[in-house]
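Reading through the structure tokens given below for one structure.
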Amino acid sequence: MATVRTRFAPSPTGYLHIGGAWTAFFNWLHSRNQGGTFILRIEDTDRSRSTEEYEAAILEDFRWLGITWDEGPDIGGPVGPYRQTERGHLYARYAQELVKRGAAYPCYCTPEELDAERRRAEAERRPYRYSGRCRTLDADQRAAFDAEGRKPSLRLRVRNLTEPIVVDDAVRGRVVFEPEHLDDYIIVRSDGTPLYNFANVVDDHLMRVTLIIRASEHLSNTPKQFVMYQALGWTPPAVAHLPVILGADRKKLSKRHGDTAVREYRAQGYLPEAILNFFALMAWHPEAEREVYELDELIREFRLDAIGRASPIFDLDKLTWLNAVHMRRAIERDLDRVVTLCAGILHRAGLLPETLSDNQRRYLGDVIKVVGDRLRIGRDILDYADFFFRDVAFEPEAAAKHLTAASAPLLAAYADALAGVEPFERSAIEAALRRVCAEAGVDARALVHPARVALTGKTAGPGLFELTELLGRERAVARLHNAVEYVRRAAV
RNA sequence: GGCCCCAUCGUCUAGGGGACCAGGACGCGGCCCUCUCAAGGCCGAAACGGGGGUUCGAAUCCCCCUGGGGCCA
């Protein structure tokens with residue numbers, strides 16, 4: 001049996017989005033599961049919207065996700081080039097071939113003429129199909145049009161089909177398309193550029209793709225493409241149409257739904273292994289009743305025929321939860337990686353320089369350990385640990401509740417106690433706090449909460465004593481005094 | 001409008017004629033733990049869209065309806 005060859009073929013007209021990445025991931029998973037080859041092809045025939053920057057960004061996002069390709073525009077391969085704009089000669093060759101076989105013909109209809117046809121069909125309330133009036137033009141008539149300066153497009157002959165087109169889809173099962181709904185469609189524009197349904201077929205065949213896994217929005221394109229395979233005498237690859245990922249409003253996930261670009265998730269500090277884990281749970285699920293997986297488990301367990309047919313809704317909460325799980329693992333297994341992740345986020349927030357000294361990295365590592373489970377995504381570092389990197393700014397409600405005339409003397413006493421704590425580490429700090437409270441005859445809570453607000457500006461966050469140790473004696477004492485001063489000034 | 005696809009808790013899903021008064025997870029609520037917030041533990045509310053068949057028996061098979069989605073125009 002021939003080895004499996006799958007592909008993903010993005011248009012570089014924007015950043016890699018969730019839907020595309022998910023589709024690519026299933027292609028990749030399947031090829032890895034089967035020991036096959038995964039191809040990346042750039043569909044940049046739409047020159048007005050395609051840019052090199054987007055292409056580079058898409059490649060970069062795939063690398064970040066850990067989705068690697070065996071053949072592609074940057075590394076080449078045996079059936080390249082892998083960029084459609086570099087394959088013009090191939091499309092020209094097969095367009096000619098189709099004409100020679102009588103399977104395609106030039107169409108001289110202008111947009112206005114076609115529009116008129118369409119409106120007539122609409123007025124008569126029948127479904128519009130191209131009339132096919134150019135399919136019978138003889139050489140003289142064509143020459144006349146040419147002499148007029150008309151530039152023909154190229155259409156594929158599909159109207160005379162009598163047999164239904166049967167698509168045996170690996171996830172959808174057998175789908176039958178009746179020939180009377182099929183139309184002669186344009187494969188090459190009058191300016192000579194190939195259309196999607198044409199370039200796609202030529203590329204998939206020439207690149208020896210054995211299985212096309214793509215979104216089901218392409219399902220209706222499939223019969224058209226099958227006609228072309230037939231016309232060229234080619235065997236079509238197997239197809240598998242994935243459902244479409246929907247937003248919360250049940251419409252196809254798009255920019256309207258907020259963040260859809262993979263790099264936006266990267267910027268917020270999502271982990272690629274969490275995103276991939278999450279991807280594996282949409283329209284598919286490994287056999288066990290478990291949700292957290294490592295990549296190698298997913299590769300091992302992936303089964304194309306277990307893919308669901310219903311459209312999943314993108315659930316950000318679940319992604320974030322999964323990210324938290326993987327984040328905990330990452331902190332445990334590779335703290336340095338999380339340090340790098342958070343350093344970037346803190347830098348972009350203006351709290352750290354771009355490059356850190358070894359000491360700064362070590363300190364950030366300690367901060368991350370203290371924040372611990374609270375770090376669901378990288379960005380959370382800003383909510384839970386900003387005060388390690390900037391002066392405190394009291395949250396108004398927090399200050400109103402805890403920085404009061406009642407707590408000020410306790411804070412002052414605690415500042416004095418901390419000044420003498422030796423060594424300055426968590427258990428000694430805790431003992432000092434409890435001693436201050438005992439002497440004042442109050443419950444520890446009466447000082448714990450005000451102290452937290454004094455040191456961090458907030459009511460929620462890491463353990464008070466760990467955080468204090470990490471802040472260091474000097475900053476802790478100064479912040480306590482500052483809070484006392486704040487109360488005094490507020491009283492005036 | 002035409003064609004095609006889809007349908008189990010709010011969400012992701014398990015289930016494929018009896019194992020199902022439907023299992024897991026996210027989210028939500030409660031309790032425990034606790035210096036706060038998380039994490040963790042325990043408990044809870046929460047679904048087979050409707051109607052017809054087939055069958056001794058249907059979430060599971062068939063048909064219709066409804067709803068949703070995609071593509072084309």
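Residues are referred to by chain and number: the chain letter is A, B, ... according to the order shown in the structure tokens, the number counts from 1 in that chain, and ligands are numbered separately from 1 in the order shown.
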
Inset, instruction - With a distance cut-off of 12 Å and only C-alpha atoms (C1' of nucleotides), select the neighbouring residues of C42 (chain B), excluding the residue or stretch itself and same-chain residues fewer than 4 positions from it, and output the selection as a list in words. - result: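 Surrounding residues, per the criterion: G30, C31, C32 and C33 of chain B.
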
I'd like to know which residues of region 147-216 of chain A are alpha helix (DSSP H) (by DSSP, run on the backbone); could you write them as a compact mmCIF listing (two decimals) with N, CA and C atoms, in the first residue's frame?
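New file part-v9.txt:
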```
# COMPACT_ATOMS: atom_id res chain seq x y z
N ALA A 147 -10.94 38.75 -32.29
CA ALA A 147 -10.70 39.98 -33.05
C ALA A 147 -11.30 41.19 -32.35
N GLU A 148 -12.40 40.96 -31.64
CA GLU A 148 -13.01 42.02 -30.85
C GLU A 148 -12.15 42.44 -29.68
N TYR A 196 -9.35 28.18 -7.89
CA TYR A 196 -9.13 27.23 -6.81
C TYR A 196 -9.38 25.79 -7.20
N ASN A 197 -10.56 25.52 -7.75
CA ASN A 197 -10.92 24.13 -8.05
C ASN A 197 -10.01 23.48 -9.07
N PHE A 198 -9.37 24.28 -9.86
CA PHE A 198 -8.48 23.75 -10.89
C PHE A 198 -7.06 23.56 -10.33
N ALA A 199 -6.52 24.63 -9.79
CA ALA A 199 -5.15 24.57 -9.27
C ALA A 199 -5.03 23.50 -8.19
N ASN A 200 -6.06 23.43 -7.39
CA ASN A 200 -6.09 22.47 -6.31
C ASN A 200 -5.99 21.04 -6.80
N VAL A 201 -6.75 20.74 -7.85
CA VAL A 201 -6.75 19.38 -8.39
C VAL A 201 -5.39 19.05 -9.00
N VAL A 202 -4.89 19.99 -9.79
CA VAL A 202 -3.59 19.76 -10.43
C VAL A 202 -2.52 19.53 -9.36
N ASP A 203 -2.52 20.37 -8.34
CA ASP A 203 -1.49 20.26 -7.30
C ASP A 203 -1.63 18.96 -6.50
N ASP A 204 -2.84 18.67 -6.09
CA ASP A 204 -3.02 17.46 -5.28
C ASP A 204 -2.60 16.22 -6.07
N HIS A 205 -2.91 16.21 -7.35
CA HIS A 205 -2.53 15.04 -8.15
C HIS A 205 -1.02 14.98 -8.33
N LEU A 206 -0.46 16.11 -8.75
CA LEU A 206 0.98 16.12 -9.00
C LEU A 206 1.80 15.90 -7.73
```

Please determine the contact residues of chain B with respect to chain A at a cut-off of 6 Å, counting only C-alpha atoms (C1' of nucleotides), and supply them as a CSV table (one decimal) with N, CA and C atoms (P, O5', C5', C4', C3', O3' and C1' of nucleotides), in the first residue's frame.
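Wrote it out as result-v8.csv, contents follow:
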```csv
chain,number,residue,atom,x,y,z
B,2,G,P,-35.6,26.3,-3.0
B,2,G,O5',-34.3,25.8,-3.7
B,2,G,C5',-34.4,25.4,-5.1
B,2,G,C4',-33.0,25.1,-5.6
B,2,G,C3',-32.3,24.0,-4.9
B,2,G,O3',-32.7,22.7,-5.3
B,2,G,C1',-30.9,25.9,-5.1
B,6,C,P,-24.5,14.1,7.5
B,6,C,O5',-24.7,15.0,8.8
B,6,C,C5',-23.6,15.4,9.6
B,6,C,C4',-24.0,16.4,10.6
B,6,C,C3',-25.0,16.0,11.6
B,6,C,O3',-24.4,15.3,12.7
B,6,C,C1',-25.6,18.1,10.8
B,24,G,P,-20.1,10.5,35.5
B,24,G,O5',-18.8,11.0,34.6
B,24,G,C5',-17.6,10.2,34.7
B,24,G,C4',-16.6,10.8,33.7
B,24,G,C3',-16.3,12.3,33.8
B,24,G,O3',-15.4,12.6,34.8
B,24,G,C1',-16.7,11.7,31.5
B,26,C,P,-13.4,19.3,34.9
B,26,C,O5',-13.7,20.5,33.8
B,26,C,C5',-12.6,21.0,33.0
B,26,C,C4',-13.2,22.1,32.1
B,26,C,C3',-14.0,23.2,32.8
B,26,C,O3',-13.1,24.2,33.2
B,26,C,C1',-15.3,22.4,31.0
B,35,C,P,-5.0,29.5,57.7
B,35,C,O5',-5.4,30.8,56.9
B,35,C,C5',-5.9,32.0,57.6
B,35,C,C4',-5.8,33.2,56.6
B,35,C,C3',-6.1,32.9,55.2
B,35,C,O3',-7.5,33.0,55.0
B,35,C,C1',-4.1,34.1,55.3
B,36,U,P,-8.2,32.2,53.8
B,36,U,O5',-8.3,33.2,52.6
B,36,U,C5',-9.0,34.4,52.8
B,36,U,C4',-8.8,35.3,51.6
B,36,U,C3',-9.0,34.6,50.2
B,36,U,O3',-10.4,34.7,49.9
B,36,U,C1',-6.9,35.7,50.2
B,37,C,P,-11.1,33.5,49.1
B,37,C,O5',-10.4,33.6,47.7
B,37,C,C5',-10.5,34.7,46.9
B,37,C,C4',-9.5,34.6,45.7
B,37,C,C3',-9.6,33.3,45.0
B,37,C,O3',-10.6,33.3,44.0
B,37,C,C1',-7.3,33.9,45.4
B,38,A,P,-11.2,31.9,43.5
B,38,A,O5',-10.0,31.4,42.6
B,38,A,C5',-9.8,30.1,42.5
B,38,A,C4',-8.4,29.9,41.9
B,38,A,C3',-7.9,28.5,41.7
B,38,A,O3',-8.4,28.0,40.5
B,38,A,C1',-6.3,29.6,43.0
B,39,A,P,-9.1,26.6,40.4
B,39,A,O5',-8.0,25.6,40.8
B,39,A,C5',-6.8,25.4,40.0
B,39,A,C4',-5.8,24.6,40.8
B,39,A,C3',-6.3,23.2,41.3
B,39,A,O3',-6.3,22.2,40.3
B,39,A,C1',-5.2,24.3,43.0
B,70,G,P,-22.5,29.2,8.5
B,70,G,O5',-21.9,28.2,7.3
B,70,G,C5',-20.7,27.5,7.5
B,70,G,C4',-20.5,26.6,6.3
B,70,G,C3',-20.5,27.2,5.0
B,70,G,O3',-19.3,27.8,4.6
B,70,G,C1',-21.9,25.2,5.0
B,71,C,P,-19.3,29.0,3.7
B,71,C,O5',-19.6,28.4,2.2
B,71,C,C5',-18.6,27.5,1.7
B,71,C,C4',-19.2,26.8,0.5
B,71,C,C3',-19.7,27.8,-0.6
B,71,C,O3',-18.6,28.2,-1.5
B,71,C,C1',-21.4,26.2,-0.2
```

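Across the model, the gap from CA of Arg362 (chain A) to CA of Gly457 (chain A) is 24.0 Å.
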
Legend entry - d(CA of Tyr229 (chain A), CA of Thr85 (chain A)) in Å: 21.5 Å

Legend entry - Pick from A:Leu211, A:Val338, A:Ile275, A:Leu304 nearest to Asn323 (chain A), counting only C-alpha atoms: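 Nearest to Asn323 (chain A): A:Ile275.
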
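Residue neighbourhood of Glu332 (chain A), excluding near-sequence residues (fewer than 5 positions): Val325, His326, Met327, Arg337, Val338, Val339, Gly365, Ile368, Lys369, Gly372 and Asp373 of chain A, at 12 Å, using only C-alpha atoms (C1' of nucleotides).
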
Those residues you just picked out, can you put them in a file as a PDB file, in the first residue's frame with N, CA and C atoms?
```
ATOM      1  N   VAL A 325      -3.666  23.176  33.034  1.00  0.00           N
ATOM      2  CA  VAL A 325      -3.128  21.854  33.348  1.00  0.00           C
ATOM      3  C   VAL A 325      -1.732  21.687  32.750  1.00  0.00           C
ATOM      4  N   HIS A 326      -1.601  22.083  31.492  1.00  0.00           N
ATOM      5  CA  HIS A 326      -0.294  21.948  30.848  1.00  0.00           C
ATOM      6  C   HIS A 326       0.712  22.939  31.414  1.00  0.00           C
ATOM      7  N   MET A 327       0.224  24.061  31.869  1.00  0.00           N
ATOM      8  CA  MET A 327       1.110  25.061  32.465  1.00  0.00           C
ATOM      9  C   MET A 327       1.724  24.504  33.755  1.00  0.00           C
ATOM     10  N   ARG A 337      11.363  27.380  30.521  1.00  0.00           N
ATOM     11  CA  ARG A 337      10.501  27.692  29.387  1.00  0.00           C
ATOM     12  C   ARG A 337       9.402  28.663  29.815  1.00  0.00           C
ATOM     13  N   VAL A 338       8.843  28.428  30.990  1.00  0.00           N
ATOM     14  CA  VAL A 338       7.782  29.311  31.484  1.00  0.00           C
ATOM     15  C   VAL A 338       8.369  30.687  31.822  1.00  0.00           C
ATOM     16  N   VAL A 339       9.603  30.694  32.295  1.00  0.00           N
ATOM     17  CA  VAL A 339      10.271  31.968  32.559  1.00  0.00           C
ATOM     18  C   VAL A 339      10.353  32.781  31.272  1.00  0.00           C
ATOM     19  N   GLY A 365      11.752  33.059  37.949  1.00  0.00           N
ATOM     20  CA  GLY A 365      11.429  31.656  38.194  1.00  0.00           C
ATOM     21  C   GLY A 365      10.833  31.474  39.579  1.00  0.00           C
ATOM     22  N   ILE A 368       7.312  32.765  39.569  1.00  0.00           N
ATOM     23  CA  ILE A 368       6.394  31.818  38.924  1.00  0.00           C
ATOM     24  C   ILE A 368       6.054  30.673  39.864  1.00  0.00           C
ATOM     25  N   LYS A 369       7.054  30.210  40.595  1.00  0.00           N
ATOM     26  CA  LYS A 369       6.783  29.113  41.527  1.00  0.00           C
ATOM     27  C   LYS A 369       5.820  29.558  42.628  1.00  0.00           C
ATOM     28  N   GLY A 372       2.411  29.811  41.067  1.00  0.00           N
ATOM     29  CA  GLY A 372       1.996  28.406  40.987  1.00  0.00           C
ATOM     30  C   GLY A 372       0.761  28.160  40.154  1.00  0.00           C
ATOM     31  N   ASP A 373      -0.221  27.475  40.751  1.00  0.00           N
ATOM     32  CA  ASP A 373      -1.433  27.054  40.053  1.00  0.00           C
ATOM     33  C   ASP A 373      -2.265  28.192  39.511  1.00  0.00           C
TER      34      ASP A 373
END
```

Legend entry - Picked from region 117-318 of chain A by DSSP as strand (DSSP E), as a PyMOL selection string: chain A and resi 153-156+165-169+173-177+186-188+211-215+238-242
